[in-house]
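Undergrad: mmCIF, C-alpha atoms, saved as upload-v9.cif, coming up:
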```
data_my_file
#
loop_
_atom_site.label_atom_id
_atom_site.label_comp_id
_atom_site.auth_asym_id
_atom_site.auth_seq_id
_atom_site.Cartn_x
_atom_site.Cartn_y
_atom_site.Cartn_z
CA MET A 18 51.76 153.08 -164.24
CA SER A 19 52.74 152.80 -167.90
CA TRP A 20 50.39 151.10 -170.39
CA LEU A 21 53.05 148.42 -170.97
CA ALA A 22 53.13 147.61 -167.24
CA ILE A 23 49.32 147.42 -167.14
CA VAL A 24 49.24 145.05 -170.12
CA SER A 25 52.00 142.82 -168.76
CA ILE A 26 50.46 142.63 -165.26
CA SER A 27 46.95 141.92 -166.55
CA MET A 28 48.04 139.39 -169.17
CA PHE A 29 50.89 137.57 -167.45
CA SER A 30 51.80 138.13 -163.79
CA SER A 31 48.15 138.54 -162.73
CA ASN A 32 46.64 136.22 -165.34
CA ALA A 33 42.94 135.62 -164.61
CA LEU A 34 43.16 131.88 -165.17
CA LEU A 35 46.65 130.93 -164.01
CA SER A 36 47.07 133.35 -161.08
CA TRP A 37 43.48 133.68 -159.85
CA GLY A 38 41.81 130.47 -161.07
CA LEU A 39 39.03 132.43 -162.78
CA GLY A 40 36.99 131.10 -165.70
CA PHE A 41 37.79 127.38 -165.58
CA ARG A 42 34.17 126.39 -165.92
CA THR A 43 33.59 128.90 -168.70
CA ALA A 44 36.54 127.53 -170.65
CA PHE A 45 36.50 123.82 -169.96
CA ALA A 46 33.01 122.79 -168.84
CA SER A 47 31.28 124.02 -172.00
CA SER A 48 31.45 122.50 -175.45
CA ARG A 49 34.27 123.67 -177.71
CA GLU A 50 31.68 124.84 -180.21
CA GLY A 51 31.55 128.61 -180.25
CA ALA A 52 34.81 129.07 -178.32
CA GLY A 53 35.69 132.11 -180.45
CA MET A 54 32.28 133.66 -179.82
CA ARG A 55 32.68 132.99 -176.09
CA PHE A 56 36.03 134.78 -176.07
CA LEU A 57 34.55 137.81 -177.87
CA ILE A 58 31.73 137.95 -175.31
CA VAL A 59 34.24 137.70 -172.45
CA LEU A 60 36.26 140.56 -173.97
CA LEU A 61 33.19 142.72 -174.50
CA PHE A 62 31.67 141.97 -171.09
CA ALA A 63 34.99 142.50 -169.30
CA ILE A 64 35.41 145.95 -170.87
CA VAL A 65 31.80 147.02 -170.18
CA ALA A 66 31.80 145.59 -166.65
CA ALA A 67 35.17 147.21 -165.85
CA ALA A 68 33.96 150.59 -167.16
CA MET A 69 30.76 150.41 -165.10
CA LEU A 70 32.53 149.14 -162.00
CA TRP A 71 35.15 151.90 -162.35
CA GLY A 72 32.35 154.50 -162.54
CA LEU A 73 30.49 153.02 -159.58
CA SER A 74 33.68 152.71 -157.57
CA THR A 75 35.07 156.19 -158.38
CA TYR A 76 31.91 158.26 -158.11
CA ILE A 77 29.70 156.44 -155.61
CA VAL A 78 31.32 153.65 -153.61
CA MET A 79 34.68 155.22 -152.69
CA PRO A 80 33.51 158.81 -151.99
CA LEU A 81 30.76 157.50 -149.71
CA GLY A 82 33.05 154.95 -148.03
CA LEU A 83 30.86 152.07 -149.17
CA GLN A 84 33.57 149.70 -150.43
CA TRP A 85 31.67 146.80 -148.90
CA ALA A 86 28.70 147.50 -151.20
CA LEU A 87 30.62 146.82 -154.42
CA PRO A 88 29.26 143.24 -154.89
CA LEU A 89 25.70 144.49 -154.42
CA ALA A 90 26.29 147.38 -156.83
CA TYR A 91 27.66 144.91 -159.39
CA MET A 92 24.59 142.67 -159.08
CA LEU A 93 22.13 145.59 -159.22
CA PHE A 94 23.68 147.65 -162.02
CA VAL A 95 26.26 145.72 -164.02
CA VAL A 96 24.59 142.30 -164.34
CA PRO A 97 21.26 143.70 -165.69
CA THR A 98 23.21 145.86 -168.17
CA LEU A 99 25.17 142.84 -169.41
CA ARG A 100 21.93 140.88 -169.77
CA LEU A 101 20.31 143.69 -171.75
CA MET A 102 23.40 143.90 -173.95
CA ALA A 103 23.31 140.17 -174.58
CA ARG A 104 19.65 140.30 -175.61
CA GLY A 105 20.34 143.28 -177.87
CA PHE A 106 23.27 141.61 -179.63
CA ALA A 107 21.29 138.40 -180.02
CA LYS A 108 18.60 140.32 -181.92
CA LEU A 109 21.20 142.18 -183.95
CA PHE A 110 23.05 139.05 -185.04
CA ALA A 111 20.13 136.72 -185.60
CA SER A 112 22.25 133.96 -187.19
CA THR A 113 24.42 133.46 -184.12
CA GLY A 114 21.86 134.82 -181.68
CA GLU A 115 21.05 131.61 -179.84
CA LEU A 116 24.69 130.74 -179.25
CA PHE A 117 25.28 134.31 -178.09
CA VAL A 118 22.43 134.18 -175.57
CA ILE A 119 23.56 130.80 -174.18
CA SER A 120 27.17 131.95 -173.76
CA SER A 121 26.30 135.38 -172.44
CA ASP A 122 23.67 134.13 -169.96
CA GLU A 123 26.33 131.91 -168.46
CA LEU A 124 28.87 134.74 -168.43
CA THR A 125 26.76 137.53 -166.92
CA ILE A 126 26.91 135.80 -163.55
CA SER A 127 30.38 134.34 -163.60
CA THR A 128 33.45 134.88 -161.48
CA LEU A 129 35.42 135.48 -164.68
CA VAL A 130 33.81 138.78 -165.75
CA PHE A 131 33.37 140.17 -162.22
CA GLY A 132 36.87 139.03 -161.23
CA MET A 133 38.53 140.59 -164.27
CA SER A 134 36.67 143.87 -163.80
CA LEU A 135 37.56 143.95 -160.08
CA LEU A 136 41.23 143.32 -160.90
CA ALA A 137 41.15 146.00 -163.61
CA VAL A 138 39.67 148.57 -161.22
CA ARG A 139 42.33 147.71 -158.62
CA THR A 140 45.20 147.77 -161.13
CA ALA A 141 44.38 150.99 -162.97
CA PRO A 142 43.28 154.29 -161.41
CA SER A 143 42.00 156.00 -164.59
CA LEU A 144 39.22 154.88 -166.95
CA PRO A 145 41.40 154.35 -170.06
CA ASP A 146 43.92 152.36 -168.01
CA CYS A 147 41.10 150.35 -166.48
CA LEU A 148 39.68 149.49 -169.92
CA LEU A 149 43.16 148.53 -171.13
CA ALA A 150 43.63 146.32 -168.07
CA ALA A 151 40.26 144.61 -168.62
CA ALA A 152 40.94 143.98 -172.32
CA SER A 153 44.44 142.67 -171.54
CA ALA A 154 43.05 140.40 -168.83
CA ALA A 155 40.52 138.94 -171.29
CA ILE A 156 43.22 138.37 -173.92
CA GLY A 157 45.53 136.83 -171.30
CA TRP A 158 42.70 134.54 -170.18
CA ALA A 159 42.03 133.42 -173.76
CA ALA A 160 45.75 132.76 -174.31
CA ALA A 161 45.96 130.69 -171.12
CA VAL A 162 42.83 128.72 -172.10
CA THR A 163 44.33 127.99 -175.53
CA LEU A 164 47.65 126.92 -173.98
CA LEU A 165 46.00 124.70 -171.37
CA GLY A 166 43.64 123.19 -173.93
CA ALA A 167 46.58 122.26 -176.14
CA ILE A 168 48.53 120.75 -173.22
CA VAL A 169 45.55 118.67 -172.11
CA ARG A 170 44.75 117.47 -175.67
CA ARG A 171 48.34 116.39 -176.28
CA SER A 172 48.60 114.72 -172.87
CA GLU A 173 45.36 112.81 -173.39
CA ALA A 174 46.71 111.49 -176.70
CA GLY A 175 48.88 109.17 -174.57
CA PRO A 176 47.75 106.51 -172.08
CA VAL A 177 46.29 108.41 -169.13
CA PRO A 178 45.13 106.47 -166.03
CA ARG A 179 41.43 106.93 -165.28
CA SER A 180 42.24 108.71 -162.02
CA MET A 181 44.21 111.40 -163.86
CA SER A 182 42.06 111.91 -166.95
CA GLY A 183 39.83 114.98 -167.25
CA ILE A 184 39.83 117.49 -164.40
CA PRO A 185 42.93 116.19 -162.50
CA LEU A 186 45.00 116.40 -165.68
CA LEU A 187 43.62 119.86 -166.40
CA LEU A 188 44.53 121.11 -162.91
CA VAL A 189 48.03 119.62 -162.94
CA SER A 190 48.59 121.14 -166.41
CA ALA A 191 47.40 124.48 -165.02
CA ALA A 192 49.95 124.14 -162.20
CA LEU A 193 52.77 123.60 -164.70
CA ALA A 194 51.61 126.49 -166.89
CA ALA A 195 51.28 128.77 -163.82
CA MET A 196 54.83 127.86 -162.76
CA VAL A 197 56.19 128.64 -166.23
CA VAL A 198 54.37 131.99 -166.40
CA ALA A 199 55.49 132.93 -162.86
CA LEU A 200 59.08 131.99 -163.67
CA ALA A 201 59.04 133.89 -166.96
CA THR A 202 57.53 137.06 -165.44
CA SER A 203 59.94 137.04 -162.47
CA SER A 204 62.92 136.53 -164.84
CA LEU A 205 61.72 139.43 -166.99
CA ALA A 206 61.27 141.61 -163.89
CA LEU A 207 64.78 140.71 -162.70
CA GLY A 208 66.17 141.42 -166.16
CA ALA A 209 64.44 144.80 -166.26
CA GLY A 210 65.76 145.61 -162.79
CA ARG A 211 69.40 145.06 -163.76
CA MET B 295 23.51 110.78 -145.70
CA LYS B 296 24.52 108.82 -148.74
CA ARG B 297 28.18 108.73 -149.76
CA GLN B 298 27.18 109.74 -153.27
CA GLN B 299 26.01 113.11 -152.01
CA PHE B 300 29.52 113.95 -150.85
CA VAL B 301 31.64 112.35 -153.54
CA PRO B 302 30.39 114.24 -156.65
CA ASN B 303 32.02 117.39 -155.33
CA PRO B 304 30.89 120.56 -157.14
CA ALA B 305 34.42 121.85 -157.61
CA LEU B 306 36.15 118.58 -158.47
CA VAL B 307 33.48 117.28 -160.84
CA SER B 308 31.74 120.32 -162.34
CA LEU B 309 34.46 122.98 -161.78
CA LEU B 310 31.91 125.01 -159.79
CA GLY B 311 33.43 127.53 -157.39
CA LEU B 312 36.97 126.49 -158.32
CA ALA B 313 38.56 129.96 -158.19
CA PRO B 314 38.45 130.40 -154.37
CA LEU B 315 39.77 126.87 -153.90
CA VAL B 316 42.84 127.80 -155.97
CA GLY B 317 43.38 131.38 -154.87
CA ALA B 318 42.00 131.56 -151.35
CA THR B 319 43.33 128.39 -149.75
CA ALA B 320 46.95 129.37 -149.15
CA THR B 321 46.27 129.27 -145.38
CA PHE B 322 43.91 127.23 -143.22
CA ALA B 323 42.21 130.42 -141.99
CA ASP B 324 41.47 131.53 -145.56
CA GLY B 325 40.23 128.08 -146.62
CA LEU B 326 37.96 127.73 -143.60
CA VAL B 327 36.45 131.19 -143.96
CA ILE B 328 35.89 131.08 -147.73
CA GLY B 329 34.49 127.53 -147.55
CA LEU B 330 32.06 128.41 -144.74
CA LEU B 331 30.96 131.62 -146.46
CA ALA B 332 30.25 129.71 -149.68
CA VAL B 333 28.17 127.06 -147.88
CA VAL B 334 26.14 129.63 -145.94
CA GLY B 335 25.72 131.67 -149.14
CA ALA B 336 24.37 128.65 -151.00
CA LEU B 337 21.84 127.91 -148.25
CA LEU B 338 20.72 131.53 -147.93
CA GLY B 339 20.56 131.97 -151.72
CA TYR B 340 18.38 128.87 -152.03
CA GLY B 341 16.13 130.08 -149.21
CA ALA B 342 15.75 133.54 -150.77
CA SER B 343 15.02 132.06 -154.20
CA ASN B 344 12.32 129.81 -152.80
CA LEU B 345 10.69 132.61 -150.87
CA ALA B 346 10.72 134.72 -154.05
CA ARG B 347 9.22 131.84 -156.08
CA ARG B 348 6.38 131.43 -153.60
CA HIS B 349 5.51 135.08 -153.06
CA LEU B 350 6.56 136.97 -156.19
CA GLU B 351 5.88 136.93 -159.92
CA ALA B 352 8.11 134.60 -161.94
CA ARG B 353 9.93 137.46 -163.70
CA LEU B 354 11.07 138.87 -160.35
CA VAL B 355 12.61 135.65 -159.05
CA VAL B 356 16.00 135.97 -160.77
CA PRO B 357 16.52 139.67 -159.85
CA VAL B 358 15.60 138.93 -156.22
CA GLN B 359 17.95 135.94 -156.22
CA LEU B 360 20.83 138.04 -157.59
CA ALA B 361 20.16 140.87 -155.16
CA ALA B 362 20.02 138.44 -152.23
CA ILE B 363 23.40 136.93 -153.11
CA GLY B 364 24.83 140.42 -153.72
CA ILE B 365 23.60 141.59 -150.33
CA TYR B 366 25.07 138.47 -148.74
CA ALA B 367 28.51 139.07 -150.31
CA SER B 368 28.40 142.71 -149.18
CA LEU B 369 27.45 141.71 -145.64
CA CYS B 370 30.29 139.19 -145.63
CA LEU B 371 32.71 142.03 -146.44
CA VAL B 372 31.31 144.11 -143.56
CA ALA B 373 31.39 141.22 -141.08
CA LEU B 374 34.89 140.11 -142.07
CA GLY B 375 36.08 143.73 -141.83
CA PHE B 376 34.93 143.82 -138.21
CA TRP B 377 36.32 140.35 -137.46
CA SER B 378 39.79 140.63 -138.99
CA SER B 379 41.12 143.17 -141.45
CA ALA B 380 43.98 140.77 -142.28
CA LEU B 381 41.50 138.15 -143.49
CA VAL B 382 39.79 140.67 -145.78
CA LYS B 383 43.18 141.59 -147.22
CA GLU B 384 44.31 137.98 -147.64
CA LEU B 385 41.06 136.83 -149.23
CA GLY B 386 41.22 139.82 -151.60
CA ILE B 387 38.78 139.62 -154.50
CA TYR B 388 37.33 136.28 -153.41
CA VAL B 389 34.92 137.75 -150.83
CA PRO B 390 33.22 140.09 -153.36
CA LEU B 391 33.30 137.18 -155.82
CA LEU B 392 30.99 135.22 -153.50
CA ALA B 393 28.22 137.16 -155.25
CA VAL B 394 28.91 135.24 -158.47
CA ASN B 395 30.53 132.10 -157.03
CA GLY B 396 29.50 129.23 -159.32
CA PHE B 397 28.72 126.89 -156.42
CA VAL B 398 26.61 129.48 -154.55
CA VAL B 399 24.65 130.54 -157.66
CA HIS B 400 24.15 126.94 -158.84
CA GLU B 401 22.77 125.80 -155.50
CA ALA B 402 20.60 128.90 -155.13
CA ARG B 403 18.94 128.05 -158.45
CA ARG B 404 17.83 124.58 -157.35
CA THR B 405 14.11 124.02 -157.67
CA GLY B 406 11.80 121.45 -156.14
CA ASN B 407 8.21 120.86 -155.12
CA ARG B 408 9.09 120.85 -151.43
CA PRO B 409 11.43 123.78 -150.72
CA VAL B 410 12.48 122.57 -147.25
CA ALA B 411 13.57 119.23 -148.73
CA GLY B 412 16.14 121.10 -150.80
CA PHE B 413 18.24 122.19 -147.82
CA PRO B 414 19.81 118.81 -146.80
CA PRO B 415 21.27 118.06 -150.28
CA ILE B 416 22.66 121.59 -150.49
CA LEU B 417 24.16 121.21 -147.01
CA ALA B 418 25.68 117.85 -148.02
CA THR B 419 27.18 119.28 -151.21
CA GLY B 420 28.34 122.31 -149.25
CA LEU B 421 30.06 120.14 -146.66
CA GLY B 422 31.86 118.39 -149.52
CA TYR B 423 32.96 121.78 -150.86
CA LEU B 424 34.06 122.88 -147.37
CA ALA B 425 35.96 119.62 -146.87
CA VAL B 426 37.93 120.19 -150.07
CA ALA B 427 38.69 123.79 -149.02
CA LEU B 428 39.91 122.59 -145.60
CA VAL B 429 42.06 119.72 -146.84
CA VAL B 430 43.62 121.78 -149.64
CA SER B 431 44.32 124.71 -147.32
CA VAL B 432 45.87 122.51 -144.60
CA LEU B 433 48.12 120.74 -147.11
CA ARG B 434 49.17 124.02 -148.70
CA GLU B 435 49.89 125.86 -145.46
CA VAL B 436 51.61 123.03 -143.61
CA GLY B 437 53.63 122.02 -146.68
CA GLY B 438 54.29 125.53 -147.91
CA ALA B 439 54.90 127.43 -144.66
CA GLY B 440 55.03 124.85 -141.88
CA THR B 441 52.26 126.59 -139.94
CA ILE B 442 48.51 126.49 -139.36
CA SER B 443 46.70 129.84 -139.23
CA LEU B 444 43.56 130.24 -137.14
CA PRO B 445 40.97 132.82 -138.18
CA LEU B 446 40.90 134.60 -134.83
CA PRO B 447 39.67 138.19 -134.56
CA GLY B 448 42.26 140.94 -134.74
CA ALA B 449 44.78 142.46 -137.04
CA SER B 450 46.39 139.18 -138.09
CA PRO B 451 45.49 135.48 -137.89
CA ARG B 452 47.25 133.44 -135.20
CA GLU B 453 49.85 131.09 -136.67
CA ILE B 454 50.83 127.84 -134.95
CA ALA B 455 54.12 126.25 -136.04
CA VAL B 456 53.55 122.63 -137.08
CA VAL B 457 56.84 121.74 -138.75
CA PRO B 458 60.11 123.67 -138.22
CA PHE B 459 60.58 124.68 -141.85
CA PRO B 460 58.50 124.87 -145.03
CA LEU B 461 58.79 121.59 -146.93
CA ILE B 462 57.57 122.78 -150.35
CA PRO B 463 57.29 126.60 -150.49
CA LEU B 464 55.77 126.29 -153.99
CA LEU B 465 52.51 125.13 -152.36
CA ARG B 466 51.76 128.69 -151.19
CA SER B 467 51.67 129.96 -154.80
CA PRO B 468 48.68 129.62 -157.20
CA ALA B 469 50.59 126.79 -158.94
CA GLY B 470 50.63 124.95 -155.60
CA GLY B 471 46.87 125.44 -155.35
CA PHE B 472 46.35 123.85 -158.76
CA LEU B 473 48.74 121.02 -157.92
CA VAL B 474 47.10 120.09 -154.60
CA LEU B 475 43.62 120.44 -156.07
CA GLY B 476 44.63 118.27 -159.04
CA ALA B 477 46.01 115.59 -156.71
CA PHE B 478 42.83 115.79 -154.63
CA ALA B 479 40.68 115.47 -157.75
CA ALA B 480 42.67 112.38 -158.79
CA VAL B 481 42.16 110.80 -155.35
CA ASN B 482 38.46 111.68 -155.53
CA ARG B 483 38.32 110.00 -158.95
CA LEU B 484 40.00 106.87 -157.55
CA LEU B 485 37.49 106.67 -154.70
CA THR B 486 34.51 107.19 -156.99
CA PRO B 487 33.19 104.00 -158.59
CA ALA B 488 34.01 103.90 -162.33
CA PRO B 489 31.04 104.30 -164.68
CA SER B 490 30.22 100.94 -166.26
CA GLY B 491 32.02 100.22 -169.54
CA ARG B 492 34.82 102.70 -168.91
CA GLY B 493 38.27 101.93 -167.63
CA VAL B 494 41.62 103.42 -168.47
CA THR B 495 41.37 106.28 -170.95
CA ARG B 496 42.88 105.04 -174.20
#
```
Would you kindly transcribe this structure into structure tokens?
TA:
Amino acid sequence: MSWLAIVSISMFSSNALLSWGLGFRTAFASSREGAGMRFLIVLLFAIVAAAMLWGLSTYIVMPLGLQWALPLAYMLFVVPTLRLMARGFAKLFASTGELFVISSDELTISTLVFGMSLLAVRTAPSLPDCLLAAASAAIGWAAAVTLLGAIVRRSEAGPVPRSMSGIPLLLVSAALAAMVVALATSSLALGAGR
Amino acid sequence: MKRQQFVPNPALVSLLGLAPLVGATATFADGLVIGLLAVVGALLGYGASNLARRHLEARLVVPVQLAAIGIYASLCLVALGFWSSALVKELGIYVPLLAVNGFVVHEARRTGNRPVAGFPPILATGLGYLAVALVVSVLREVGGAGTISLPLPGASPREIAVVPFPLIPLLRSPAGGFLVLGAFAAVNRLLTPAPSGRGVTR
């Protein structure tokens, strides 16, 4: 698979937020303060988790036929590594350390990081491709979060009934965004096929 | 049990465990299985955490909790593989993701002076989560494909035709999942009493 195909699949047609529903809580249940920092942590964690999961999958899980043990391997090896990394970075960047620890503690055990790394391992057979897929997935997630956030903010500027405000509006906006992305990617695929 | 225990649904209010409700509810079989696995995972995770709190040092509680949920997700993959390979394929990444499912992890971290007293509220919240998974999956499958799939053992789930043709095929896609869940969240909001002093937003 070409690097362009990996990027387009991970960012658009298999977008973590709009195609898989991953990372809603991370994006919309936390305060908007430190959103940039949160994205950087997601990017970093996704790359590290994908690299470790690729190694575990390629050298231990698949050769031994232990595909079922992947969740356990993730919890035993990847999560502690991410936690150690978070503590290390917090000490290194003392000024933003507290924010880093809060965001990273929440992210070490989240469907977003594990989901993106699982998708990256499934999409790309080699380590460089896997890392590219993980980074693209994180960027695609951040783009979708920004898009959805903007849609929701603009919609809430008008009169929204109580029943639709907040999470219902967010989910309906996500449906519209998912439809647009699906339509755009299928049109591009059709165009490329001609 | 009080109505309040069901209404503040973890997914619809706190966005906990939302991903499987969007991605793994395209058929009734998927919704039922993923909802049940999440509820059982939450109960087992809470039980394991409490046992660890009572018998181990404090610093070991979180690792034991994580390992317990990881083992549970792995065992789910094994059991589902034996039950129906089609279900494992359809549920895709959502079975391994049980290990980090927001609802499961959140409930497993509950603390209390009387550990046994923690089970009924978790069961109540879990039933709410399962109810959302079932309703969303039924609406999506009946509306999107005109069938109801049963999670029977074997190579593929058994499909029963309910309506002769799919009414809204879009409902089978992730966008359909968001749409049905959004509508469900709006209905849930309507049924929930408004907090005092708040009415229509702006």
Undergrad: Written as a list in words, what is the full residue list that the PyMOL selection byres ((chain B and resi 474-489) around 6) yields on the file shown?
TA: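 Applied to this file, the PyMOL selection byres ((chain B and resi 474-489) around 6) returns Ser180, Met181, Pro185, Leu188 and Val189 of chain A; Leu306, Gly471, Phe472, Leu473, Ser490 and Arg492 of chain B.
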Undergrad: When the cut-off is 8 Å and we count all atoms listed in the file, which residues of chain A are near chain B, given as a VMD selection string?
TA: chain A and resid 35 to 42 46 85 to 93 126 to 128 131 to 132 135 to 136 174 to 182 184 to 189 191 to 193 195 to 196
Undergrad: Would you export the selected residues with C-alpha atoms as a PDB file, in the frame of the given file, please?
TA:
```pdb
ATOM      1  CA  LEU A  35      46.650 130.930-164.010  1.00  0.00           C
ATOM      2  CA  SER A  36      47.070 133.350-161.080  1.00  0.00           C
ATOM      3  CA  TRP A  37      43.480 133.680-159.850  1.00  0.00           C
ATOM      4  CA  GLY A  38      41.810 130.470-161.070  1.00  0.00           C
ATOM      5  CA  LEU A  39      39.030 132.430-162.780  1.00  0.00           C
ATOM      6  CA  GLY A  40      36.990 131.100-165.700  1.00  0.00           C
ATOM      7  CA  PHE A  41      37.790 127.380-165.580  1.00  0.00           C
ATOM      8  CA  ARG A  42      34.170 126.390-165.920  1.00  0.00           C
ATOM      9  CA  ALA A  46      33.010 122.790-168.840  1.00  0.00           C
ATOM     10  CA  TRP A  85      31.670 146.800-148.900  1.00  0.00           C
ATOM     11  CA  ALA A  86      28.700 147.500-151.200  1.00  0.00           C
ATOM     12  CA  LEU A  87      30.620 146.820-154.420  1.00  0.00           C
ATOM     13  CA  PRO A  88      29.260 143.240-154.890  1.00  0.00           C
ATOM     14  CA  LEU A  89      25.700 144.490-154.420  1.00  0.00           C
ATOM     15  CA  ALA A  90      26.290 147.380-156.830  1.00  0.00           C
ATOM     16  CA  TYR A  91      27.660 144.910-159.390  1.00  0.00           C
ATOM     17  CA  MET A  92      24.590 142.670-159.080  1.00  0.00           C
ATOM     18  CA  LEU A  93      22.130 145.590-159.220  1.00  0.00           C
ATOM     19  CA  ILE A 126      26.910 135.800-163.550  1.00  0.00           C
ATOM     20  CA  SER A 127      30.380 134.340-163.600  1.00  0.00           C
ATOM     21  CA  THR A 128      33.450 134.880-161.480  1.00  0.00           C
ATOM     22  CA  PHE A 131      33.370 140.170-162.220  1.00  0.00           C
ATOM     23  CA  GLY A 132      36.870 139.030-161.230  1.00  0.00           C
ATOM     24  CA  LEU A 135      37.560 143.950-160.080  1.00  0.00           C
ATOM     25  CA  LEU A 136      41.230 143.320-160.900  1.00  0.00           C
ATOM     26  CA  ALA A 174      46.710 111.490-176.700  1.00  0.00           C
ATOM     27  CA  GLY A 175      48.880 109.170-174.570  1.00  0.00           C
ATOM     28  CA  PRO A 176      47.750 106.510-172.080  1.00  0.00           C
ATOM     29  CA  VAL A 177      46.290 108.410-169.130  1.00  0.00           C
ATOM     30  CA  PRO A 178      45.130 106.470-166.030  1.00  0.00           C
ATOM     31  CA  ARG A 179      41.430 106.930-165.280  1.00  0.00           C
ATOM     32  CA  SER A 180      42.240 108.710-162.020  1.00  0.00           C
ATOM     33  CA  MET A 181      44.210 111.400-163.860  1.00  0.00           C
ATOM     34  CA  SER A 182      42.060 111.910-166.950  1.00  0.00           C
ATOM     35  CA  ILE A 184      39.830 117.490-164.400  1.00  0.00           C
ATOM     36  CA  PRO A 185      42.930 116.190-162.500  1.00  0.00           C
ATOM     37  CA  LEU A 186      45.000 116.400-165.680  1.00  0.00           C
ATOM     38  CA  LEU A 187      43.620 119.860-166.400  1.00  0.00           C
ATOM     39  CA  LEU A 188      44.530 121.110-162.910  1.00  0.00           C
ATOM     40  CA  VAL A 189      48.030 119.620-162.940  1.00  0.00           C
ATOM     41  CA  ALA A 191      47.400 124.480-165.020  1.00  0.00           C
ATOM     42  CA  ALA A 192      49.950 124.140-162.200  1.00  0.00           C
ATOM     43  CA  LEU A 193      52.770 123.600-164.700  1.00  0.00           C
ATOM     44  CA  ALA A 195      51.280 128.770-163.820  1.00  0.00           C
ATOM     45  CA  MET A 196      54.830 127.860-162.760  1.00  0.00           C
TER      46      MET A 196
END
```
Undergrad: Identify, on the basis of all atoms listed in the file, every residue whose closest approach to Gly72 of chain A does not exceed 12 Å; exclude the query and any residue fewer than 6 positions from it along the same chain; express the result as a PDB file with C-alpha atoms, in the coordinates of the input.
TA:
```
ATOM      1  CA  VAL A  65      31.800 147.020-170.180  1.00  0.00           C
ATOM      2  CA  ALA A  66      31.800 145.590-166.650  1.00  0.00           C
ATOM      3  CA  VAL A  78      31.320 153.650-153.610  1.00  0.00           C
ATOM      4  CA  MET A  79      34.680 155.220-152.690  1.00  0.00           C
ATOM      5  CA  PRO A  80      33.510 158.810-151.990  1.00  0.00           C
ATOM      6  CA  LEU A  87      30.620 146.820-154.420  1.00  0.00           C
ATOM      7  CA  ALA A  90      26.290 147.380-156.830  1.00  0.00           C
ATOM      8  CA  TYR A  91      27.660 144.910-159.390  1.00  0.00           C
ATOM      9  CA  PHE A  94      23.680 147.650-162.020  1.00  0.00           C
ATOM     10  CA  VAL A  95      26.260 145.720-164.020  1.00  0.00           C
ATOM     11  CA  SER A 134      36.670 143.870-163.800  1.00  0.00           C
ATOM     12  CA  VAL A 138      39.670 148.570-161.220  1.00  0.00           C
ATOM     13  CA  PRO A 142      43.280 154.290-161.410  1.00  0.00           C
ATOM     14  CA  SER A 143      42.000 156.000-164.590  1.00  0.00           C
ATOM     15  CA  LEU A 144      39.220 154.880-166.950  1.00  0.00           C
ATOM     16  CA  PRO A 145      41.400 154.350-170.060  1.00  0.00           C
ATOM     17  CA  CYS A 147      41.100 150.350-166.480  1.00  0.00           C
ATOM     18  CA  LEU A 148      39.680 149.490-169.920  1.00  0.00           C
TER      19      LEU A 148
END
```
Undergrad: Can you translate the PyMOL selection byres ((chain A and resi 26) around 12) into the concrete residues it hits in this file, as a VMD selection string?
TA: chain A and resid 18 to 25 27 to 33 36 136 to 137 139 to 141 149 to 154 157 198 to 199 202 to 203 205 to 206
Undergrad: Provide the atom CA of Ala449 of chain B to atom CA of Thr321 of chain B distance in Å, to one decimal place.
TA: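 Atom-to-atom, atom CA of Ala449 of chain B to atom CA of Thr321 of chain B, that is 15.7 Å.
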Undergrad: Between atom CA of Val59 of chain A and atom CA of Ala161 of chain A, what is the spacing in Å?
TA: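 Result for atom CA of Ala161 of chain A versus atom CA of Val59 of chain A: 13.7 Å, one decimal.
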